[in-house]
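These notes concern the structure reproduced below.
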Amino acid sequence: MSEQRRAELAESLAEVRARIGAACADAGRDPGEVRLLAVTKTFPASDAALLAELGITDLAENRDQEAAVKARELSELPIRWHMVGRMQRNKARSVARWASEVQSVDSPRLAEALAKAVRAALDAGDRAQPMDVLVQASLDDPQTDAEGRGGCPLDELAALTEVVAHSSELRLRGLMAVAPLGADPAPAFARLAEAAERTRRDHPEATELSAGMSGDLDVAIHHGSTCVRVGTALLGGRGLASL
């Protein structure tokens, strides 16, 4: 079964890389500018291990409980784990122990809780470096965002990025966003690109723009995404929870 699954993942990986290459060609960009982040949520640790064998070592989860178990199980592999889901402050201590990067910081209070947790993890020897952070920007209409996906309003991004940038425990790497549900993603990603440019002017080190998933990665790359978060197109739609 593992050999069959490995072959399935290898085929899907080739297809996703081809899509990234084509989108970059259309946008006049170098494919090397776009990182593939495999979203392994609801899939077993064995799939994460197979992806690592195939050379994909940036993996993302959206639930602390599931991610912490996978990270412990695969601790010997060269995997860099990313938190991409909406995060509660009371999960900061756990996330600080397994995540190399959190892409979903959407409020000053969460940034402060995460910085405190990272400091405790550094002092305890549970991590060796500060936490890389992307600030999550909201592209939704606040009146219609019923999904609770989080995100900082665009007009509040500057203040939040300042909080992160001035923390010694956190390293501001850029912005992340999710396109609005049921709408053309292009206008939203265009607004995000403008916000990213403003952020880079204030913080030249914040070069990352994490945008685009299985259904809209092509559009996101056209608008400057440097990191696409791919789950379904890579792993399929039949998640098998590892817990």
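All residue names refer to the structure tokens as shown: chains lettered A, B, ... in order, residues numbered from 1 in each chain, ligands numbered from 1 in order.
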
Find the spatial neighbours of stretch 66-70 of chain A, counting only C-alpha atoms, within a cut-off of 9 Å - ignore same-chain residues fewer than 3 positions away - and output them as a PDB file with N, CA and C atoms, in the first residue's frame.
ATOM      1  N   LYS A  41      -3.175  18.310   6.632  1.00  0.00           N
ATOM      2  CA  LYS A  41      -4.239  18.177   7.629  1.00  0.00           C
ATOM      3  C   LYS A  41      -5.197  17.050   7.229  1.00  0.00           C
ATOM      4  N   THR A  42      -5.607  16.284   8.222  1.00  0.00           N
ATOM      5  CA  THR A  42      -6.525  15.132   8.122  1.00  0.00           C
ATOM      6  C   THR A  42      -5.911  13.924   7.422  1.00  0.00           C
ATOM      7  N   PRO A  44      -2.741  11.023   7.235  1.00  0.00           N
ATOM      8  CA  PRO A  44      -1.887  10.369   8.235  1.00  0.00           C
ATOM      9  C   PRO A  44      -0.431  10.789   8.140  1.00  0.00           C
ATOM     10  N   ALA A  45       0.277  10.544   9.228  1.00  0.00           N
ATOM     11  CA  ALA A  45       1.697  10.862   9.264  1.00  0.00           C
ATOM     12  C   ALA A  45       2.468  10.109   8.188  1.00  0.00           C
ATOM     13  N   ALA A  48       2.786  12.251   5.217  1.00  0.00           N
ATOM     14  CA  ALA A  48       3.788  13.293   5.424  1.00  0.00           C
ATOM     15  C   ALA A  48       5.189  12.728   5.226  1.00  0.00           C
ATOM     16  N   ALA A  60       2.256  21.673   6.184  1.00  0.00           N
ATOM     17  CA  ALA A  60       1.392  22.561   6.958  1.00  0.00           C
ATOM     18  C   ALA A  60       0.234  21.806   7.586  1.00  0.00           C
ATOM     19  N   GLU A  61      -0.160  22.292   8.750  1.00  0.00           N
ATOM     20  CA  GLU A  61      -1.308  21.768   9.486  1.00  0.00           C
ATOM     21  C   GLU A  61      -2.161  22.940   9.950  1.00  0.00           C
ATOM     22  N   ASN A  62      -3.435  22.647  10.243  1.00  0.00           N
ATOM     23  CA  ASN A  62      -4.289  23.734  10.725  1.00  0.00           C
ATOM     24  C   ASN A  62      -4.872  23.479  12.107  1.00  0.00           C
ATOM     25  N   ARG A  63      -4.515  22.339  12.730  1.00  0.00           N
ATOM     26  CA  ARG A  63      -4.966  22.037  14.090  1.00  0.00           C
ATOM     27  C   ARG A  63      -3.766  21.619  14.933  1.00  0.00           C
ATOM     28  N   GLU A  73       5.889  12.126  15.941  1.00  0.00           N
ATOM     29  CA  GLU A  73       6.077  10.846  15.257  1.00  0.00           C
ATOM     30  C   GLU A  73       7.164  10.934  14.187  1.00  0.00           C
ATOM     31  N   LEU A  74       7.283  12.090  13.541  1.00  0.00           N
ATOM     32  CA  LEU A  74       8.224  12.243  12.426  1.00  0.00           C
ATOM     33  C   LEU A  74       9.405  13.136  12.791  1.00  0.00           C
ATOM     34  N   SER A  75       9.735  13.179  14.063  1.00  0.00           N
ATOM     35  CA  SER A  75      10.760  14.112  14.539  1.00  0.00           C
ATOM     36  C   SER A  75      12.139  13.844  13.948  1.00  0.00           C
ATOM     37  N   TRP A  81       7.617  22.308   9.843  1.00  0.00           N
ATOM     38  CA  TRP A  81       6.170  22.366  10.032  1.00  0.00           C
ATOM     39  C   TRP A  81       5.685  23.811  10.096  1.00  0.00           C
ATOM     40  N   MET A  83       2.114  26.249  10.776  1.00  0.00           N
ATOM     41  CA  MET A  83       0.740  26.369  11.248  1.00  0.00           C
ATOM     42  C   MET A  83       0.016  27.344  10.327  1.00  0.00           C
ATOM     43  N   SER A  94       1.870  25.106  22.934  1.00  0.00           N
ATOM     44  CA  SER A  94       2.077  23.858  22.196  1.00  0.00           C
ATOM     45  C   SER A  94       2.640  24.135  20.810  1.00  0.00           C
ATOM     46  N   VAL A  95       2.064  25.091  20.090  1.00  0.00           N
ATOM     47  CA  VAL A  95       2.518  25.404  18.736  1.00  0.00           C
ATOM     48  C   VAL A  95       3.981  25.819  18.736  1.00  0.00           C
ATOM     49  N   ARG A  97       6.301  24.654  20.290  1.00  0.00           N
ATOM     50  CA  ARG A  97       7.198  23.507  20.414  1.00  0.00           C
ATOM     51  C   ARG A  97       7.371  22.743  19.106  1.00  0.00           C
ATOM     52  N   TRP A  98       6.388  22.844  18.168  1.00  0.00           N
ATOM     53  CA  TRP A  98       6.510  22.039  16.943  1.00  0.00           C
ATOM     54  C   TRP A  98       6.593  22.857  15.659  1.00  0.00           C
ATOM     55  N   ALA A  99       6.125  24.068  15.648  1.00  0.00           N
ATOM     56  CA  ALA A  99       6.058  24.834  14.397  1.00  0.00           C
ATOM     57  C   ALA A  99       7.313  25.663  14.171  1.00  0.00           C
ATOM     58  N   ALA A 241      -7.712  10.813   9.154  1.00  0.00           N
ATOM     59  CA  ALA A 241      -7.157  11.436  10.351  1.00  0.00           C
ATOM     60  C   ALA A 241      -6.161  10.513  11.012  1.00  0.00           C
ATOM     61  N   SER A 242      -5.076  11.107  11.499  1.00  0.00           N
ATOM     62  CA  SER A 242      -4.004  10.304  12.083  1.00  0.00           C
ATOM     63  C   SER A 242      -4.217  10.083  13.577  1.00  0.00           C
ATOM     64  N   LEU A 243      -5.248  10.665  14.148  1.00  0.00           N
ATOM     65  CA  LEU A 243      -5.461  10.512  15.576  1.00  0.00           C
ATOM     66  C   LEU A 243      -6.461   9.414  15.843  1.00  0.00           C
TER      67      LEU A 243
END

Would you mind writing down, as a ChimeraX atom specification, each residue of stretch 3-213 of chain A that DSSP on the backbone assigns to alpha helix (DSSP H)?
-> /A:3-27,45-53,64-73,92-98,108-124,157-165,185-202

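Nearest to A:Cys24 of all the residues A:Val39, A:Met131, A:Ala220, A:Ala233 is A:Ala220, based on only C-alpha atoms.
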
Contacts of A:Ala177 at 8 Å or less, counting only C-alpha atoms, minus same-chain residues fewer than 4 places along, as a PyMOL selection string?
-> chain A and resi 136-139+151+192+210-211

Please, could you write that set of residues out with C-alpha atoms as an mmCIF file, in the first residue's frame?
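Once everything was written out, this is again_17.cif:
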data_model
loop_
_atom_site.group_PDB
_atom_site.id
_atom_site.type_symbol
_atom_site.label_atom_id
_atom_site.label_comp_id
_atom_site.auth_asym_id
_atom_site.auth_seq_id
_atom_site.Cartn_x
_atom_site.Cartn_y
_atom_site.Cartn_z
ATOM 1 C CA GLN A 136 -2.783 36.804 8.034
ATOM 2 C CA ALA A 137 -4.654 39.464 6.102
ATOM 3 C CA SER A 138 -8.417 39.243 5.740
ATOM 4 C CA LEU A 139 -9.717 39.542 2.176
ATOM 5 C CA GLY A 151 -7.377 37.558 9.297
ATOM 6 C CA LEU A 192 -3.307 41.528 -1.181
ATOM 7 C CA SER A 210 1.526 33.088 1.019
ATOM 8 C CA ALA A 211 -1.552 32.942 -1.195
#

Have a look at A:Leu122, A:Gln103, A:Ser168, A:Glu112 and name the one nearest to A:Gly150; count only C-alpha atoms.
->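 Selected residue with least distance to A:Gly150: A:Gln103.
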
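If you count only C-alpha atoms and ignore residues fewer than 2 places along the chain from stretch 2-16 of chain A, what sits within 8 Å of it is Ala18, Arg19, Ile20, Asp47, Leu50, Leu51, Leu54, Ala233, Leu234 and Leu235 of chain A.
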
Shell around A:Gly215 at 9 Å using only C-alpha atoms, local window under 2 positions removed, as a PyMOL selection string | chain A and resi 212-213+217-218+230+232-233

Go ahead and dump the residues you just picked, N, CA, C and O atoms, as an mmCIF file, in the first residue's frame.
data_model
loop_
_atom_site.group_PDB
_atom_site.id
_atom_site.type_symbol
_atom_site.label_atom_id
_atom_site.label_comp_id
_atom_site.auth_asym_id
_atom_site.auth_seq_id
_atom_site.Cartn_x
_atom_site.Cartn_y
_atom_site.Cartn_z
ATOM 1 N N GLY A 212 -2.931 31.376 -2.372
ATOM 2 C CA GLY A 212 -3.227 30.384 -3.385
ATOM 3 C C GLY A 212 -3.255 28.981 -2.815
ATOM 4 O O GLY A 212 -2.344 28.573 -2.098
ATOM 5 N N MET A 213 -4.339 28.269 -3.151
ATOM 6 C CA MET A 213 -4.495 26.882 -2.736
ATOM 7 C C MET A 213 -4.814 26.058 -3.980
ATOM 8 O O MET A 213 -4.608 26.515 -5.112
ATOM 9 N N LEU A 217 -4.350 28.596 -7.087
ATOM 10 C CA LEU A 217 -2.918 28.895 -7.016
ATOM 11 C C LEU A 217 -2.412 29.630 -8.255
ATOM 12 O O LEU A 217 -1.504 30.460 -8.174
ATOM 13 N N ASP A 218 -3.000 29.329 -9.421
ATOM 14 C CA ASP A 218 -2.574 29.968 -10.666
ATOM 15 C C ASP A 218 -2.806 31.489 -10.609
ATOM 16 O O ASP A 218 -1.939 32.277 -10.996
ATOM 17 N N VAL A 230 -1.013 23.798 -0.751
ATOM 18 C CA VAL A 230 -1.768 22.827 -1.555
ATOM 19 C C VAL A 230 -2.050 21.562 -0.760
ATOM 20 O O VAL A 230 -1.132 20.910 -0.263
ATOM 21 N N THR A 232 -5.644 19.376 -1.359
ATOM 22 C CA THR A 232 -6.452 18.468 -2.172
ATOM 23 C C THR A 232 -5.761 18.062 -3.464
ATOM 24 O O THR A 232 -5.739 16.874 -3.820
ATOM 25 N N ALA A 233 -5.179 19.002 -4.191
ATOM 26 C CA ALA A 233 -4.554 18.681 -5.475
ATOM 27 C C ALA A 233 -3.343 17.774 -5.312
ATOM 28 O O ALA A 233 -2.952 17.084 -6.252
#

Among the residues A:Leu160, A:Arg80, A:Asn90, A:Ala71, the one that comes closest to A:Asp106 [using only C-alpha atoms] | A:Leu160

Kindly give the distance, in Å, that separates atom CA of A:Ala38 and atom CA of A:Leu59, rounded to a single decimal.
-> 4.8 Å

Which polymer residues have any atom within 12 Å of an atom of A:Arg198, counting only C-alpha atoms, with same-chain residues fewer than 4 positions away left out, as a ChimeraX atom specification?
-> /A:154-155,157-158,161,174-175,191-194,202-204,206-207

Just N, CA, C and O atoms for this one: save the residues we selected as a short mmCIF file (atom, residue, chain, number, x, y, z; two decimals), in the first residue's frame.
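New file part.cif:
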data_model
loop_
_atom_site.label_atom_id
_atom_site.label_comp_id
_atom_site.auth_asym_id
_atom_site.auth_seq_id
_atom_site.Cartn_x
_atom_site.Cartn_y
_atom_site.Cartn_z
N LEU A 154 -7.30 44.81 6.30
CA LEU A 154 -6.18 45.41 5.58
C LEU A 154 -5.75 46.76 6.17
O LEU A 154 -4.56 47.08 6.16
N ASP A 155 -6.71 47.51 6.68
CA ASP A 155 -6.34 48.83 7.21
C ASP A 155 -5.70 48.75 8.59
O ASP A 155 -5.28 49.77 9.14
N LEU A 157 -3.26 46.23 9.11
CA LEU A 157 -2.06 45.41 8.92
C LEU A 157 -0.80 46.11 9.39
O LEU A 157 0.08 45.49 10.00
N ALA A 158 -0.67 47.39 9.10
CA ALA A 158 0.56 48.11 9.44
C ALA A 158 0.84 48.05 10.94
O ALA A 158 1.98 47.81 11.36
N THR A 161 1.86 44.36 11.85
CA THR A 161 3.22 44.02 11.42
C THR A 161 4.27 44.70 12.29
O THR A 161 5.34 44.13 12.53
N GLY A 174 6.30 38.07 6.27
CA GLY A 174 5.42 38.56 5.22
C GLY A 174 3.96 38.40 5.56
O GLY A 174 3.59 38.42 6.75
N LEU A 175 3.14 38.23 4.53
CA LEU A 175 1.70 38.14 4.69
C LEU A 175 1.16 36.81 4.16
O LEU A 175 1.76 36.19 3.28
N ARG A 191 -5.63 43.11 -4.26
CA ARG A 191 -5.58 43.94 -3.04
C ARG A 191 -4.47 43.43 -2.11
O ARG A 191 -3.76 44.22 -1.48
N LEU A 192 -4.34 42.11 -2.03
CA LEU A 192 -3.31 41.53 -1.18
C LEU A 192 -1.91 41.92 -1.68
O LEU A 192 -1.03 42.23 -0.88
N ALA A 193 -1.73 41.89 -2.99
CA ALA A 193 -0.42 42.25 -3.55
C ALA A 193 -0.06 43.69 -3.20
O ALA A 193 1.10 44.00 -2.89
N GLU A 194 -1.04 44.58 -3.24
CA GLU A 194 -0.79 45.98 -2.86
C GLU A 194 -0.41 46.08 -1.38
O GLU A 194 0.50 46.82 -1.01
N ASP A 202 7.83 49.03 4.44
CA ASP A 202 8.08 49.28 5.86
C ASP A 202 9.02 48.26 6.48
O ASP A 202 9.76 48.57 7.42
N HIS A 203 8.99 47.03 5.95
CA HIS A 203 9.77 45.93 6.52
C HIS A 203 10.40 45.13 5.37
O HIS A 203 9.83 44.15 4.90
N PRO A 204 11.55 45.54 4.89
CA PRO A 204 12.16 44.91 3.71
C PRO A 204 12.40 43.41 3.86
O PRO A 204 12.49 42.70 2.85
N ALA A 206 10.26 41.32 5.01
CA ALA A 206 8.97 40.62 4.92
C ALA A 206 8.63 40.34 3.46
O ALA A 206 7.71 40.90 2.87
N THR A 207 9.37 39.43 2.86
CA THR A 207 9.28 39.19 1.42
C THR A 207 8.28 38.09 1.04
O THR A 207 7.97 37.93 -0.13
#

So, counting only C-alpha atoms, which residue among A:Val133, A:Met87, A:Val105, A:Val118 is closest to A:Glu205?
->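 Nearest candidate to A:Glu205 out of A:Val133, A:Met87, A:Val105, A:Val118: A:Val133.
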
For each of A:Leu172, A:Val228, A:Ala183, A:Leu77, take the minimum atom-to-atom distance to A:Arg200, counting only C-alpha atoms, then give the residue where this is smallest.
-> A:Leu172
